[in-house]
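*Asks:* Got a structure for you, questions after.
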Amino acid sequence: MKTERMHLGNVLKYGGSIVAFLIGSGFASGQEVMQFFTSYGTLRSGLGGLISLILFLWFTTITVQDAQILKLEDTNAIFEHYCGKIIGTIFKWITPVFLFMIYVIMLSGAGTLLFEFYGIPAIVGRTIMSLLSLITVLLGLNRLVSVVGRIGPILILFIIFIGLATIITNPDGIRTADETLSSLSMIRATKYWWFSGITYASFCAVTILPFLAGIGRSNPNRREVTVSGCLGCGAFILTAMAVSYGMLAYIPLVYDKNIPAVFVSNLIFPGSGVLFSIVMYAGIYTTAVPMLWSSCNKISSDEKGLKFRLSVIILGFIAFFGGRLPFATLVNIVYPYMGYLGIFLFAGMLITQIRGKRASMTRAL
């Protein structure tokens, strides 16, 4: 059997696109990481991240490899493969709704960022992000992967640098973080740290599964997409932990901020908040674009067709006004409930995997 040769450029492009897809406004701002990890303390934050990493590697590997075999014309049909006709159909209809809600969160985050850091009216941030995302989605998935794949690695490196620098500049803050947290009132994604780790991975799975299926379908190299998926997931969780512990180092100052990561960056490197805000805005863009594309792909899988293009414009218009809702509140409501939904998806994926292995063993016998 001929061994598939991997191309580093493709691995970095696809891995980067996965990272860029997941970063978004909640992650880059620190709000999402704070609610799912930081708020539980130093040890539990790391353990929750480990749980998420294991689940990330599992579902990403399975999805991209299955998508290569299935060659689904509609990437949303991946839900039927894992959950059956009835439940899969429910997922196919519910998931685009949640993805659209995340797109609304991205627009809200874009407006909140410019308003909180620069004092620029939120409507300006939302308008710019709306136009950028609409134009990119209208260009199609291949161009989308190319654009966000190049931005992803840059975002990761910058955010990791800021996170590590924050930890190094205030190690005493890490040591006293748990004691400080006990006296603070913070929003948490779920009641238990381990469940937060699970729901973080499951909510991300719901959002990215059709996108992963699209990557797997478009690239026939099994090793390439598998390594890309593992690389992207590993980099994403590593970055999440850098952000989490960076915020723990300065938790008394950031626990009540809408955009805590930018605040910390500016605190340790005066003036760097400007650069970080630009990077974060790019992070919002790299998530807003795939979310809008995935929502519209449910309405029509023909990216060049009139129906798809009209759906992009109409949904973009609706999301623009929905983005007026409070950023932190939207994150706390939408993401955990998506995580609960994702647990059912994980169950379907596990059952499908077990059945597939049994079938393979039966054929071998």
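Residues are referred to by chain and number: the chain letter is A, B, ... according to the order shown in the structure tokens, the number counts from 1 in that chain, and ligands are numbered separately from 1 in the order shown.
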Would you pick out the contacts of Asp74 in chain A at 9 Å or less, using only C-alpha atoms, so that residues sharing its chain but fewer than 6 positions from it are not included, and give the list as a VMD selection string?
*Replies:* chain A and resid 210 214 297 to 298 300 to 301
*Asks:* Let me see the file: selected residues, N, CA and C atoms, as a PDB file, in the first residue's frame.
*Replies:*
ATOM      1  N   PRO A 210     -19.779  20.400  10.825  1.00  0.00           N
ATOM      2  CA  PRO A 210     -19.952  20.546   9.368  1.00  0.00           C
ATOM      3  C   PRO A 210     -18.709  21.116   8.691  1.00  0.00           C
ATOM      4  N   GLY A 214     -16.459  19.363   5.806  1.00  0.00           N
ATOM      5  CA  GLY A 214     -16.097  20.011   4.555  1.00  0.00           C
ATOM      6  C   GLY A 214     -14.613  19.873   4.254  1.00  0.00           C
ATOM      7  N   ASN A 297     -25.311  27.407   4.606  1.00  0.00           N
ATOM      8  CA  ASN A 297     -25.133  26.139   3.920  1.00  0.00           C
ATOM      9  C   ASN A 297     -26.296  25.195   4.171  1.00  0.00           C
ATOM     10  N   LYS A 298     -26.977  25.366   5.305  1.00  0.00           N
ATOM     11  CA  LYS A 298     -28.150  24.551   5.607  1.00  0.00           C
ATOM     12  C   LYS A 298     -29.312  24.928   4.692  1.00  0.00           C
ATOM     13  N   SER A 300     -28.948  26.349   1.644  1.00  0.00           N
ATOM     14  CA  SER A 300     -28.567  25.936   0.289  1.00  0.00           C
ATOM     15  C   SER A 300     -27.091  25.585   0.276  1.00  0.00           C
ATOM     16  N   SER A 301     -26.761  24.396  -0.265  1.00  0.00           N
ATOM     17  CA  SER A 301     -25.366  23.954  -0.317  1.00  0.00           C
ATOM     18  C   SER A 301     -24.656  24.462  -1.578  1.00  0.00           C
TER      19      SER A 301
END
*Asks:* Would you pick out the contacts of Ile105 in chain A at 12 Å or less, using only C-alpha atoms, so that residues sharing its chain but fewer than 6 positions from it are not included, and give the list as a ChimeraX atom specification?
*Replies:* /A:24-27,31-32,98-99,111-113,126,129-130,284-285,287-288,291-292,319-335
*Asks:* Which polymer residues have any atom within 10 Å of an atom of range 33-41 of chain A, counting only C-alpha atoms, with same-chain residues fewer than 4 positions away left out, as a PyMOL selection string?
*Replies:* chain A and resi 26-29+45-49+174+176-182+184-200+239-248+251+254-255+260-261+328+331-332+335-336
*Asks:* Suppose you want the space between CA of Val104 in chain A and CA of Phe317 in chain A; what is it in Å?
*Replies:*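 Calculated distance between CA of Val104 in chain A and CA of Phe317 in chain A is 10.4 Å.
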*Asks:* May I have the residues within 9 Å of Gly232 in chain A as an NGL selection string, using only C-alpha atoms and disregarding those fewer than 4 positions away in the same chain?
*Replies:* :A and (12 or 14-20 or 227-228 or 236-237)
*Asks:* Go ahead and write the residues just picked, N, CA and C atoms, as a PDB file, in the first residue's frame.
*Replies:*
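Wrote selection-v8.pdb, looks like this:
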ATOM      1  N   LEU A  12      -0.649  22.985   7.833  1.00  0.00           N
ATOM      2  CA  LEU A  12      -0.729  24.269   8.535  1.00  0.00           C
ATOM      3  C   LEU A  12      -1.978  25.044   8.123  1.00  0.00           C
ATOM      4  N   TYR A  14      -4.966  23.801   6.963  1.00  0.00           N
ATOM      5  CA  TYR A  14      -6.176  23.215   7.528  1.00  0.00           C
ATOM      6  C   TYR A  14      -6.189  23.301   9.059  1.00  0.00           C
ATOM      7  N   GLY A  15      -5.031  23.040   9.680  1.00  0.00           N
ATOM      8  CA  GLY A  15      -4.954  23.159  11.128  1.00  0.00           C
ATOM      9  C   GLY A  15      -5.209  24.583  11.571  1.00  0.00           C
ATOM     10  N   GLY A  16      -4.660  25.540  10.813  1.00  0.00           N
ATOM     11  CA  GLY A  16      -4.875  26.944  11.134  1.00  0.00           C
ATOM     12  C   GLY A  16      -6.318  27.362  10.966  1.00  0.00           C
ATOM     13  N   SER A  17      -6.981  26.807   9.947  1.00  0.00           N
ATOM     14  CA  SER A  17      -8.385  27.159   9.721  1.00  0.00           C
ATOM     15  C   SER A  17      -9.273  26.633  10.852  1.00  0.00           C
ATOM     16  N   ILE A  18      -8.927  25.458  11.407  1.00  0.00           N
ATOM     17  CA  ILE A  18      -9.683  24.907  12.525  1.00  0.00           C
ATOM     18  C   ILE A  18      -9.526  25.801  13.751  1.00  0.00           C
ATOM     19  N   VAL A  19      -8.287  26.212  14.024  1.00  0.00           N
ATOM     20  CA  VAL A  19      -8.023  27.100  15.154  1.00  0.00           C
ATOM     21  C   VAL A  19      -8.758  28.420  14.977  1.00  0.00           C
ATOM     22  N   ALA A  20      -8.632  28.998  13.789  1.00  0.00           N
ATOM     23  CA  ALA A  20      -9.256  30.289  13.522  1.00  0.00           C
ATOM     24  C   ALA A  20     -10.769  30.209  13.647  1.00  0.00           C
ATOM     25  N   VAL A 227      -3.672  14.750  10.919  1.00  0.00           N
ATOM     26  CA  VAL A 227      -2.634  15.528  11.603  1.00  0.00           C
ATOM     27  C   VAL A 227      -3.063  16.990  11.728  1.00  0.00           C
ATOM     28  N   SER A 228      -3.704  17.504  10.694  1.00  0.00           N
ATOM     29  CA  SER A 228      -4.182  18.889  10.727  1.00  0.00           C
ATOM     30  C   SER A 228      -5.167  19.080  11.880  1.00  0.00           C
ATOM     31  N   PHE A 236      -5.246  24.925  19.931  1.00  0.00           N
ATOM     32  CA  PHE A 236      -6.384  25.675  20.460  1.00  0.00           C
ATOM     33  C   PHE A 236      -6.487  25.544  21.979  1.00  0.00           C
ATOM     34  N   ILE A 237      -6.409  24.317  22.490  1.00  0.00           N
ATOM     35  CA  ILE A 237      -6.530  24.115  23.936  1.00  0.00           C
ATOM     36  C   ILE A 237      -5.314  24.674  24.667  1.00  0.00           C
TER      37      ILE A 237
END
*Asks:* Which value, in Å to one decimal, gives the distance between CA of Ala201 in chain A and CA of Asp256 in chain A?
*Replies:*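 The value is 24.4 Å.
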*Asks:* Env of Gly84 in chain A: 12 Å cut, atoms = only C-alpha atoms, seq-sep filter 4 positions within chain, self excluded. Answer as a list in words.
*Replies:*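 In the requested form, the answer reads Ala77, Ile78, Phe79, Glu80, Gly88, Thr89, Ile90, Phe91, Lys92, Phe344, Leu345, Ala347, Gly348, Met349, Ile351 and Thr352 of chain A.
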*Asks:* I want to know what sits within 12 Å of range 266-268 of chain A, based on only C-alpha atoms, with residues of the same chain fewer than 6 positions away left out; could you give that as JSON, numbers by chain?
*Replies:* {"A": [117, 161, 162, 163, 164, 165, 166, 167, 168, 169, 170, 246, 247, 249, 250, 253, 254, 259, 260, 274, 275, 276, 277]}
*Asks:* Which residues are near Cys296 in chain A? Cut-off 8 Å, only C-alpha atoms, ignore same chain within fewer than 6 positions. Put them as a list in words.
*Replies:*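 What passes the distance filter is Pro96, Phe308, Ser311, Val312 and Leu315 of chain A.
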*Asks:* Report the distance between CA of Cys230 in chain A and CA of Leu72 in chain A in Å, rounded to one decimal place.
*Replies:*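 Calculated distance between CA of Cys230 in chain A and CA of Leu72 in chain A is 21.9 Å.
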*Asks:* Per DSSP on the backbone, filter range 15-215 of chain A down to the residues in alpha helix (DSSP H) and report them as JSON, numbers by chain.
*Replies:* {"A": [15, 16, 17, 18, 19, 20, 21, 22, 23, 24, 25, 26, 27, 28, 29, 31, 32, 33, 34, 35, 36, 42, 43, 44, 45, 46, 47, 48, 49, 50, 51, 52, 53, 54, 55, 56, 57, 58, 59, 60, 61, 62, 63, 64, 65, 66, 67, 68, 69, 70, 78, 79, 80, 81, 82, 83, 85, 86, 87, 88, 89, 90, 91, 92, 93, 94, 95, 96, 97, 98, 99, 100, 101, 102, 103, 104, 105, 106, 107, 108, 109, 110, 111, 112, 113, 114, 115, 116, 117, 118, 122, 123, 124, 125, 126, 127, 128, 129, 130, 131, 132, 133, 134, 135, 136, 137, 138, 139, 141, 142, 143, 144, 145, 146, 147, 148, 149, 150, 151, 152, 153, 154, 155, 156, 157, 158, 159, 160, 161, 162, 163, 164, 165, 166, 167, 168, 169, 171, 172, 173, 174, 175, 177, 178, 179, 180, 181, 193, 194, 195, 196, 197, 198, 199, 200, 201, 202, 203, 204, 205, 206, 207, 208, 209, 210, 211, 212, 213, 214, 215]}
